[in-house]
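This is target.cif (mmCIF, C-alpha atoms).
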data_my_file
#
loop_
_atom_site.label_atom_id
_atom_site.label_comp_id
_atom_site.auth_asym_id
_atom_site.auth_seq_id
_atom_site.Cartn_x
_atom_site.Cartn_y
_atom_site.Cartn_z
CA MET A 1 -127.38 -50.12 -20.21
CA THR A 2 -130.48 -51.09 -22.15
CA ASN A 3 -130.62 -52.78 -25.52
CA ALA A 4 -131.11 -50.84 -28.72
CA LEU A 5 -134.43 -52.53 -29.43
CA PRO A 6 -137.01 -53.60 -26.89
CA THR A 7 -135.97 -56.85 -25.29
CA PRO A 8 -138.35 -59.64 -26.31
CA SER A 9 -140.84 -60.12 -23.50
CA ALA A 10 -140.77 -63.19 -21.32
CA ALA A 11 -144.05 -64.29 -22.91
CA GLU A 12 -142.62 -63.99 -26.40
CA ALA A 13 -139.53 -65.89 -25.40
CA GLY A 14 -141.57 -68.51 -23.58
CA ALA A 15 -143.84 -69.06 -26.57
CA ARG A 16 -140.77 -70.01 -28.55
CA ARG A 17 -139.01 -71.99 -25.87
CA PHE A 18 -138.89 -75.05 -28.08
CA THR A 19 -135.56 -75.20 -29.88
CA TRP A 20 -135.47 -76.97 -33.19
CA PRO A 21 -132.96 -79.82 -33.03
CA GLY A 22 -129.83 -79.07 -34.98
CA THR A 23 -130.30 -75.31 -35.10
CA ARG A 24 -126.80 -74.02 -35.75
CA VAL A 25 -125.55 -70.71 -34.43
CA LEU A 26 -122.27 -69.20 -35.62
CA VAL A 27 -120.60 -67.08 -32.92
CA VAL A 28 -117.96 -64.72 -34.30
CA ASP A 29 -115.85 -62.85 -31.75
CA ASP A 30 -112.14 -62.45 -31.16
CA ALA A 31 -112.65 -62.61 -27.39
CA ILE A 32 -112.35 -66.18 -26.20
CA THR A 33 -114.41 -65.47 -23.07
CA ILE A 34 -117.35 -64.17 -25.14
CA ARG A 35 -117.27 -67.21 -27.41
CA LEU A 36 -117.25 -69.55 -24.42
CA PHE A 37 -120.04 -67.62 -22.69
CA CYS A 38 -122.27 -67.71 -25.76
CA ARG A 39 -121.49 -71.39 -26.28
CA GLN A 40 -122.45 -72.24 -22.71
CA ILE A 41 -125.78 -70.40 -22.94
CA LEU A 42 -126.68 -71.69 -26.38
CA GLU A 43 -125.69 -75.32 -25.87
CA LYS A 44 -127.61 -75.45 -22.61
CA ALA A 45 -130.65 -74.31 -24.60
CA GLY A 46 -130.15 -77.01 -27.23
CA PHE A 47 -128.44 -75.08 -30.00
CA GLU A 48 -125.39 -76.26 -31.87
CA VAL A 49 -122.56 -73.72 -31.77
CA ILE A 50 -119.84 -73.04 -34.30
CA GLU A 51 -117.13 -70.49 -33.51
CA ALA A 52 -115.00 -68.11 -35.53
CA ILE A 53 -112.47 -65.55 -34.33
CA ASN A 54 -112.94 -62.88 -37.00
CA GLY A 55 -115.17 -61.97 -39.92
CA LEU A 56 -113.05 -63.70 -42.50
CA GLU A 57 -113.14 -66.99 -40.62
CA GLY A 58 -116.86 -66.44 -40.04
CA LEU A 59 -117.50 -66.15 -43.76
CA GLU A 60 -115.53 -69.34 -44.36
CA GLN A 61 -117.69 -71.16 -41.82
CA LEU A 62 -120.85 -69.81 -43.42
CA LEU A 63 -119.81 -71.04 -46.83
CA GLN A 64 -118.92 -74.49 -45.48
CA GLY A 65 -122.30 -75.47 -44.11
CA THR A 66 -125.76 -74.65 -42.96
CA ILE A 67 -125.91 -71.88 -40.37
CA ASP A 68 -129.26 -70.69 -39.02
CA LEU A 69 -128.12 -67.60 -37.13
CA ILE A 70 -125.04 -65.41 -36.90
CA VAL A 71 -123.97 -63.78 -33.63
CA VAL A 72 -121.18 -61.36 -34.44
CA ASP A 73 -119.00 -58.84 -32.62
CA VAL A 74 -118.12 -55.48 -34.18
CA ASN A 75 -114.41 -54.99 -33.46
CA MET A 76 -112.24 -57.79 -34.75
CA GLN A 77 -108.94 -58.08 -36.57
CA LYS A 78 -108.71 -59.04 -40.26
CA MET A 79 -112.41 -58.44 -40.95
CA ASP A 80 -114.74 -56.63 -38.57
CA GLY A 81 -118.41 -57.39 -37.97
CA TYR A 82 -119.75 -54.63 -40.21
CA GLU A 83 -117.71 -55.79 -43.16
CA MET A 84 -118.64 -59.41 -42.56
CA LEU A 85 -122.36 -58.65 -42.45
CA ARG A 86 -122.19 -56.49 -45.58
CA GLU A 87 -120.53 -59.42 -47.34
CA VAL A 88 -123.17 -61.85 -46.02
CA ARG A 89 -125.97 -59.62 -47.33
CA ARG A 90 -124.25 -59.37 -50.74
CA GLN A 91 -124.08 -63.13 -51.24
CA PRO A 92 -127.38 -64.65 -52.40
CA VAL A 93 -126.78 -67.99 -50.65
CA LEU A 94 -126.14 -66.29 -47.31
CA SER A 95 -128.22 -63.13 -47.43
CA ALA A 96 -131.30 -64.51 -45.65
CA ILE A 97 -129.44 -65.67 -42.53
CA PRO A 98 -130.48 -63.52 -39.58
CA ALA A 99 -127.74 -61.84 -37.57
CA VAL A 100 -127.36 -60.46 -34.06
CA MET A 101 -124.60 -57.90 -33.69
CA MET A 102 -123.09 -57.32 -30.26
CA SER A 103 -120.71 -54.61 -29.22
CA THR A 104 -119.38 -52.41 -26.46
CA LYS A 105 -120.26 -49.46 -28.69
CA SER A 106 -123.48 -47.87 -27.56
CA LYS A 107 -123.86 -44.58 -29.44
CA PRO A 108 -126.93 -44.28 -31.68
CA GLU A 109 -124.72 -44.01 -34.75
CA ASP A 110 -123.05 -47.31 -33.83
CA VAL A 111 -126.45 -48.99 -33.69
CA ASP A 112 -127.50 -47.40 -36.99
CA LYS A 113 -124.30 -48.61 -38.58
CA ALA A 114 -125.02 -52.17 -37.44
CA TYR A 115 -128.50 -52.19 -38.95
CA ALA A 116 -127.21 -50.57 -42.14
CA ALA A 117 -124.63 -53.36 -42.42
CA GLY A 118 -127.38 -55.98 -42.19
CA ALA A 119 -127.94 -56.79 -38.52
CA ASN A 120 -131.41 -57.91 -37.44
CA TYR A 121 -130.78 -57.08 -33.80
CA TYR A 122 -128.18 -55.25 -31.73
CA LEU A 123 -127.08 -56.19 -28.24
CA PHE A 124 -124.87 -54.12 -26.00
CA LYS A 125 -122.01 -55.83 -24.19
CA PRO A 126 -121.74 -57.18 -21.63
CA ILE A 127 -124.45 -59.48 -22.85
CA ARG A 128 -126.87 -60.99 -20.36
CA PRO A 129 -128.05 -64.59 -20.79
CA GLU A 130 -131.84 -64.00 -20.78
CA PRO A 131 -132.17 -61.27 -23.42
CA PHE A 132 -129.47 -62.91 -25.49
CA LEU A 133 -131.26 -66.26 -25.51
CA ALA A 134 -134.67 -64.67 -26.10
CA CYS A 135 -133.28 -62.82 -29.09
CA VAL A 136 -131.66 -65.97 -30.51
CA ARG A 137 -134.91 -67.92 -30.06
CA LEU A 138 -136.98 -65.25 -31.77
CA LEU A 139 -134.68 -65.00 -34.75
CA THR A 140 -134.23 -68.75 -35.19
CA ALA A 141 -137.99 -69.32 -34.83
CA THR A 142 -138.51 -66.86 -37.68
CA VAL A 143 -136.30 -68.81 -40.04
CA GLN A 144 -137.78 -72.25 -39.29
CA MET B 145 -71.60 -51.30 -45.53
CA GLY B 146 -75.34 -51.51 -46.06
CA LEU B 147 -75.92 -50.97 -42.36
CA VAL B 148 -73.65 -47.94 -42.34
CA LYS B 149 -75.53 -46.46 -45.27
CA ALA B 150 -78.83 -47.10 -43.52
CA LYS B 151 -77.53 -45.40 -40.40
CA ILE B 152 -76.36 -42.40 -42.38
CA ARG B 153 -79.75 -42.12 -44.07
CA LYS B 154 -81.60 -42.38 -40.80
CA THR B 155 -79.59 -39.62 -39.15
CA LYS B 156 -79.63 -37.29 -42.12
CA THR B 157 -80.37 -33.82 -40.75
CA GLY B 158 -78.63 -31.30 -43.06
CA SER B 159 -80.25 -28.97 -45.58
CA GLY B 160 -80.30 -31.79 -48.16
CA ALA B 161 -82.40 -33.87 -45.80
CA SER B 162 -84.67 -30.91 -45.23
CA ASP B 163 -85.15 -30.47 -48.97
CA ASP B 164 -85.82 -34.20 -49.28
CA MET B 165 -88.38 -34.04 -46.51
CA VAL B 166 -90.28 -31.17 -48.09
CA GLY B 167 -90.32 -32.92 -51.46
CA LEU B 168 -91.26 -36.29 -50.04
CA SER B 169 -93.95 -34.80 -47.81
CA ALA B 170 -95.46 -33.20 -50.90
CA ALA B 171 -95.23 -36.53 -52.71
CA LEU B 172 -97.39 -38.09 -49.97
CA GLN B 173 -100.27 -36.13 -51.48
CA ALA B 174 -99.62 -37.36 -55.05
CA ALA B 175 -102.51 -38.82 -57.02
CA ASP B 176 -100.51 -41.92 -57.92
CA PRO B 177 -100.52 -44.46 -55.05
CA ALA B 178 -97.13 -45.80 -56.18
CA GLU B 179 -95.65 -42.33 -55.74
CA ARG B 180 -97.23 -41.96 -52.31
CA ARG B 181 -95.96 -45.37 -51.30
CA SER B 182 -92.44 -44.57 -52.45
CA ALA B 183 -92.48 -41.27 -50.55
CA ALA B 184 -93.77 -43.02 -47.42
CA ARG B 185 -90.99 -45.60 -47.66
CA ARG B 186 -88.27 -42.98 -48.03
CA LEU B 187 -89.62 -40.87 -45.19
CA GLY B 188 -89.24 -43.89 -42.92
CA SER B 189 -85.49 -43.34 -42.98
CA THR B 190 -85.55 -39.60 -42.40
CA THR B 191 -85.83 -38.28 -38.87
CA GLY B 192 -88.36 -35.58 -38.04
CA CYS B 193 -91.00 -36.54 -40.58
CA GLU B 194 -93.48 -38.22 -38.21
CA ALA B 195 -96.07 -35.47 -38.60
CA ALA B 196 -96.11 -35.77 -42.39
CA LEU B 197 -96.55 -39.54 -42.22
CA LEU B 198 -99.23 -39.32 -39.54
CA ASP B 199 -101.16 -36.59 -41.37
CA ARG B 200 -101.30 -38.74 -44.48
CA LEU B 201 -102.24 -41.85 -42.48
CA ALA B 202 -105.43 -40.14 -41.33
CA PHE B 203 -106.67 -39.88 -44.93
CA GLU B 204 -104.95 -42.67 -46.82
CA HIS B 205 -107.33 -45.36 -48.08
CA GLU B 206 -105.01 -47.28 -50.37
CA ALA B 207 -104.01 -50.37 -48.39
CA SER B 208 -100.46 -50.67 -49.73
CA VAL B 209 -99.71 -47.00 -49.01
CA ARG B 210 -101.26 -47.19 -45.57
CA GLU B 211 -99.15 -50.23 -44.81
CA MET B 212 -96.00 -48.37 -45.84
CA LEU B 213 -96.93 -45.32 -43.77
CA VAL B 214 -97.33 -47.54 -40.70
CA LEU B 215 -94.11 -49.42 -41.43
CA SER B 216 -92.19 -46.16 -41.79
CA LEU B 217 -93.54 -44.88 -38.49
CA MET B 218 -92.52 -48.17 -36.90
CA GLN B 219 -89.07 -47.81 -38.40
CA LEU B 220 -88.72 -44.33 -36.94
CA GLY B 221 -89.86 -45.74 -33.60
CA THR B 222 -89.86 -42.36 -31.86
CA GLN B 223 -92.26 -41.27 -29.13
CA ASP B 224 -93.89 -38.91 -31.63
CA ALA B 225 -94.48 -41.85 -33.96
CA VAL B 226 -95.90 -44.00 -31.16
CA ARG B 227 -98.19 -41.29 -29.80
CA GLY B 228 -99.37 -40.40 -33.29
CA LEU B 229 -100.11 -44.03 -34.09
CA ALA B 230 -101.91 -44.47 -30.78
CA GLU B 231 -104.20 -41.54 -31.62
CA HIS B 232 -105.56 -43.66 -34.45
CA LEU B 233 -106.97 -46.08 -31.89
CA ARG B 234 -109.83 -43.56 -31.88
CA SER B 235 -110.46 -44.10 -35.58
CA GLU B 236 -113.81 -45.45 -36.75
CA ASP B 237 -111.91 -47.23 -39.51
CA ALA B 238 -111.42 -50.78 -38.21
CA SER B 239 -108.67 -51.67 -40.66
CA LEU B 240 -106.65 -48.61 -39.63
CA ARG B 241 -107.20 -49.37 -35.96
CA ASN B 242 -106.13 -52.96 -36.45
CA ALA B 243 -103.02 -51.90 -38.36
CA VAL B 244 -102.15 -49.54 -35.51
CA VAL B 245 -102.62 -52.24 -32.86
CA GLU B 246 -100.34 -54.59 -34.80
CA ALA B 247 -97.73 -51.86 -35.23
CA LEU B 248 -97.75 -50.89 -31.56
CA GLU B 249 -97.51 -54.54 -30.50
CA ALA B 250 -94.30 -54.77 -32.48
CA MET B 251 -92.58 -51.89 -30.65
CA PRO B 252 -92.94 -52.78 -26.95
CA ASP B 253 -90.12 -50.63 -25.57
CA ALA B 254 -91.32 -47.50 -27.34
CA VAL B 255 -94.96 -48.18 -26.48
CA ALA B 256 -94.42 -48.99 -22.80
CA PRO B 257 -94.10 -45.36 -21.58
CA ASN B 258 -97.51 -44.63 -23.14
CA ILE B 259 -99.53 -47.54 -21.84
CA GLU B 260 -100.62 -45.94 -18.58
CA LEU B 261 -101.89 -42.89 -20.47
CA LEU B 262 -103.83 -45.09 -22.89
CA LEU B 263 -105.33 -47.07 -20.02
CA ALA B 264 -106.41 -43.80 -18.40
CA ASP B 265 -107.98 -42.37 -21.56
CA HIS B 266 -111.42 -40.79 -21.15
CA ASP B 267 -112.78 -42.95 -24.00
CA PRO B 268 -113.53 -46.52 -22.85
CA ASP B 269 -113.08 -47.77 -26.43
CA VAL B 270 -109.46 -46.58 -26.38
CA ARG B 271 -108.95 -48.33 -23.03
CA ILE B 272 -110.44 -51.51 -24.50
CA PHE B 273 -108.10 -51.33 -27.50
CA ALA B 274 -105.19 -50.73 -25.12
CA CYS B 275 -106.10 -53.96 -23.30
CA ASN B 276 -106.30 -55.76 -26.65
CA LEU B 277 -102.88 -54.39 -27.49
CA LEU B 278 -101.42 -55.78 -24.26
CA VAL B 279 -102.23 -59.35 -25.32
CA GLY B 280 -99.55 -59.19 -28.00
CA LEU B 281 -97.12 -56.81 -26.30
CA ALA B 282 -93.96 -58.56 -25.18
CA HIS B 283 -93.25 -56.48 -22.09
CA PRO B 284 -92.72 -57.58 -18.48
CA ASP B 285 -95.16 -54.98 -17.12
CA VAL B 286 -98.18 -56.36 -18.98
CA PRO B 287 -99.55 -58.27 -15.93
CA LYS B 288 -99.11 -55.17 -13.76
CA TRP B 289 -101.01 -52.97 -16.23
CA LEU B 290 -103.83 -55.48 -16.62
CA SER B 291 -104.09 -55.94 -12.85
CA HIS B 292 -104.39 -52.18 -12.45
CA VAL B 293 -107.30 -52.13 -14.90
CA LEU B 294 -109.02 -54.99 -13.08
CA GLU B 295 -108.68 -53.29 -9.74
CA ASN B 296 -109.53 -49.74 -10.77
CA ASP B 297 -111.35 -49.24 -14.06
CA SER B 298 -115.00 -48.39 -13.53
CA HIS B 299 -116.19 -49.57 -16.96
CA VAL B 300 -117.30 -53.18 -17.09
CA ASN B 301 -116.35 -53.64 -20.75
CA VAL B 302 -112.83 -52.35 -20.16
CA CYS B 303 -112.48 -54.85 -17.32
CA ALA B 304 -113.90 -57.54 -19.58
CA ALA B 305 -111.20 -56.73 -22.15
CA ALA B 306 -108.55 -57.03 -19.44
CA VAL B 307 -110.00 -60.37 -18.31
CA ASP B 308 -109.98 -61.62 -21.89
CA ALA B 309 -106.36 -60.51 -22.27
CA LEU B 310 -105.41 -62.44 -19.14
CA THR B 311 -107.32 -65.48 -20.36
CA GLU B 312 -105.16 -65.39 -23.48
CA ILE B 313 -101.83 -64.93 -21.72
CA GLY B 314 -102.58 -66.85 -18.48
CA ARG B 315 -100.90 -65.23 -15.48
CA PRO B 316 -101.28 -66.87 -12.04
CA ASP B 317 -99.91 -63.70 -10.39
CA CYS B 318 -102.98 -61.80 -11.61
CA VAL B 319 -105.51 -64.06 -9.89
CA PRO B 320 -105.94 -61.71 -6.88
CA ALA B 321 -106.74 -58.83 -9.26
CA LEU B 322 -109.22 -61.05 -11.12
CA ARG B 323 -110.96 -61.90 -7.85
CA ALA B 324 -111.01 -58.22 -6.89
CA CYS B 325 -112.66 -57.41 -10.21
CA ALA B 326 -115.32 -60.08 -9.65
CA ARG B 327 -116.13 -58.48 -6.30
CA ARG B 328 -116.50 -55.05 -7.92
CA PHE B 329 -119.04 -56.28 -10.51
CA PRO B 330 -121.13 -58.92 -8.73
CA GLU B 331 -124.18 -58.28 -10.92
CA GLU B 332 -122.52 -59.04 -14.25
CA PRO B 333 -122.95 -62.71 -15.19
CA PHE B 334 -120.63 -62.44 -18.18
CA LEU B 335 -117.78 -60.97 -16.16
CA SER B 336 -118.17 -63.62 -13.43
CA PHE B 337 -118.05 -66.32 -16.09
CA ALA B 338 -115.06 -64.77 -17.87
CA ILE B 339 -113.13 -64.36 -14.61
CA ASP B 340 -113.71 -68.02 -13.74
CA VAL B 341 -112.35 -68.97 -17.15
CA ALA B 342 -109.32 -66.69 -16.71
CA ILE B 343 -108.56 -68.11 -13.27
CA ALA B 344 -108.87 -71.67 -14.59
CA ARG B 345 -106.49 -70.81 -17.44
CA ALA B 346 -104.03 -69.24 -15.01
CA ALA B 347 -104.10 -72.41 -12.92
CA GLU B 348 -103.07 -74.41 -16.00
CA GLN B 349 -99.87 -72.35 -16.39
#
File written out as structure tokens:
Amino acid sequence: MTNALPTPSAAEAGARRFTWPGTRVLVVDDAITIRLFCRQILEKAGFEVIEAINGLEGLEQLLQGTIDLIVVDVNMQKMDGYEMLREVRRQPVLSAIPAVMMSTKSKPEDVDKAYAAGANYYLFKPIRPEPFLACVRLLTATVQ
Amino acid sequence: MGLVKAKIRKTKTGSGASDDMVGLSAALQAADPAERRSAARRLGSTTGCEAALLDRLAFEHEASVREMLVLSLMQLGTQDAVRGLAEHLRSEDASLRNAVVEALEAMPDAVAPNIELLLADHDPDVRIFACNLLVGLAHPDVPKWLSHVLENDSHVNVCAAAVDALTEIGRPDCVPALRACARRFPEEPFLSFAIDVAIARAAEQ
């Protein structure tokens, strides 16, 4: 399975290998294994990771402090990823935060729906460390 | 006395019940949500009205009415109700899907005969939701069903959902199936990681 958008090239990722200290990534997923996997990859690369188990909890985390990037699943109880991102884009204080959406859903309409909700990038599950990290680095470099 | 009355209502099958059902089924289409909700509640104690409740559930967007439709189907607890609810696992509406998962979790004995069918569904998303459902399903066969997925399902994300379910519930007896799954998908770093986590959790039990 390939990603919806071209994977950032190794050169692009390498050019942005420096991680700004204190860059905070919010990982929102109801699957504990996904949260742990993302945490392991991101912390190893120098990012600070905050977790939430659904969109509602994710929004609460966003409103509590500075988050530089959102990584969010689609299917979750209480509030799904689409709804969470729509809410993020509606709120002036949060609307500029970039977001990576990840999902098992791979139909073109699923990808369109993610971008319409406010995603900056879409990754198909199961995520792989290299493209995931390259994507996070690109999006966090943009906001610095 | 209250219980007796409830039992009488639930087993009402005469012509009066039939008239009630026709009227209440029509009321499910009323413009007023309060009227729809009331009809949904009353249909929950009348046998044979699963189709009416399920038909309305497919279109109902008012949260309080939807909740009552699901509750009434749970109250009926029949195989028709369970199968009809399970069909909504295909819905693109996340809130409906989530309501269905919660409802099915709450009726383990009625859901159990349908689990193998759900886990064999042609749509991997339905199989993933079935694995999610197993996390909260209080049934002794849950480890067996999840092990079967780990050993046989060809879709990596369905297996990942089964691994996540086992990480949540922690079952040492499923470790061989977890290892078998790791052998089937050696090229998937996420799955290898997740299986290691699940095995570590199982060891803590």
(request) Any chance you could resolve the PyMOL selection byres ((chain B) within 12 of (chain A)) against this file and give the residues as an NGL selection string? (result) :B and (233 or 235-246 or 267-273 or 275-277 or 279 or 299-313 or 329 or 331-345)
(request) Would you mind reading off the distance between atom CA of Ile41 of chain A and atom CA of Ala326 of chain B, one decimal, in Å? (result)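 Straight-line distance from atom CA of Ile41 of chain A to atom CA of Ala326 of chain B works out to 19.8 Å.
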(request) Name every residue that the PyMOL selection byres ((chain A and resi 117) around 8) selects in this structure, writing the answer as a PyMOL selection string with chains first and numbers rising. (result) chain A and resi 82-83+85-86+113-116+118-119
(message) Expand the PyMOL selection byres ((chain B and resi 216-219) around 7) into the explicit residue set it covers here, and present it as a ChimeraX atom specification.
(response) /B:184-185,187-188,194,212-215,220-221,225,247
(request) Just the residues within 8 Å of segment 254-258 of chain B, please, counting only C-alpha atoms, with nothing from its chain fewer than 4 positions along; format it as a ChimeraX atom specification. (result) /B:221-223,226-227,248-249,262,283
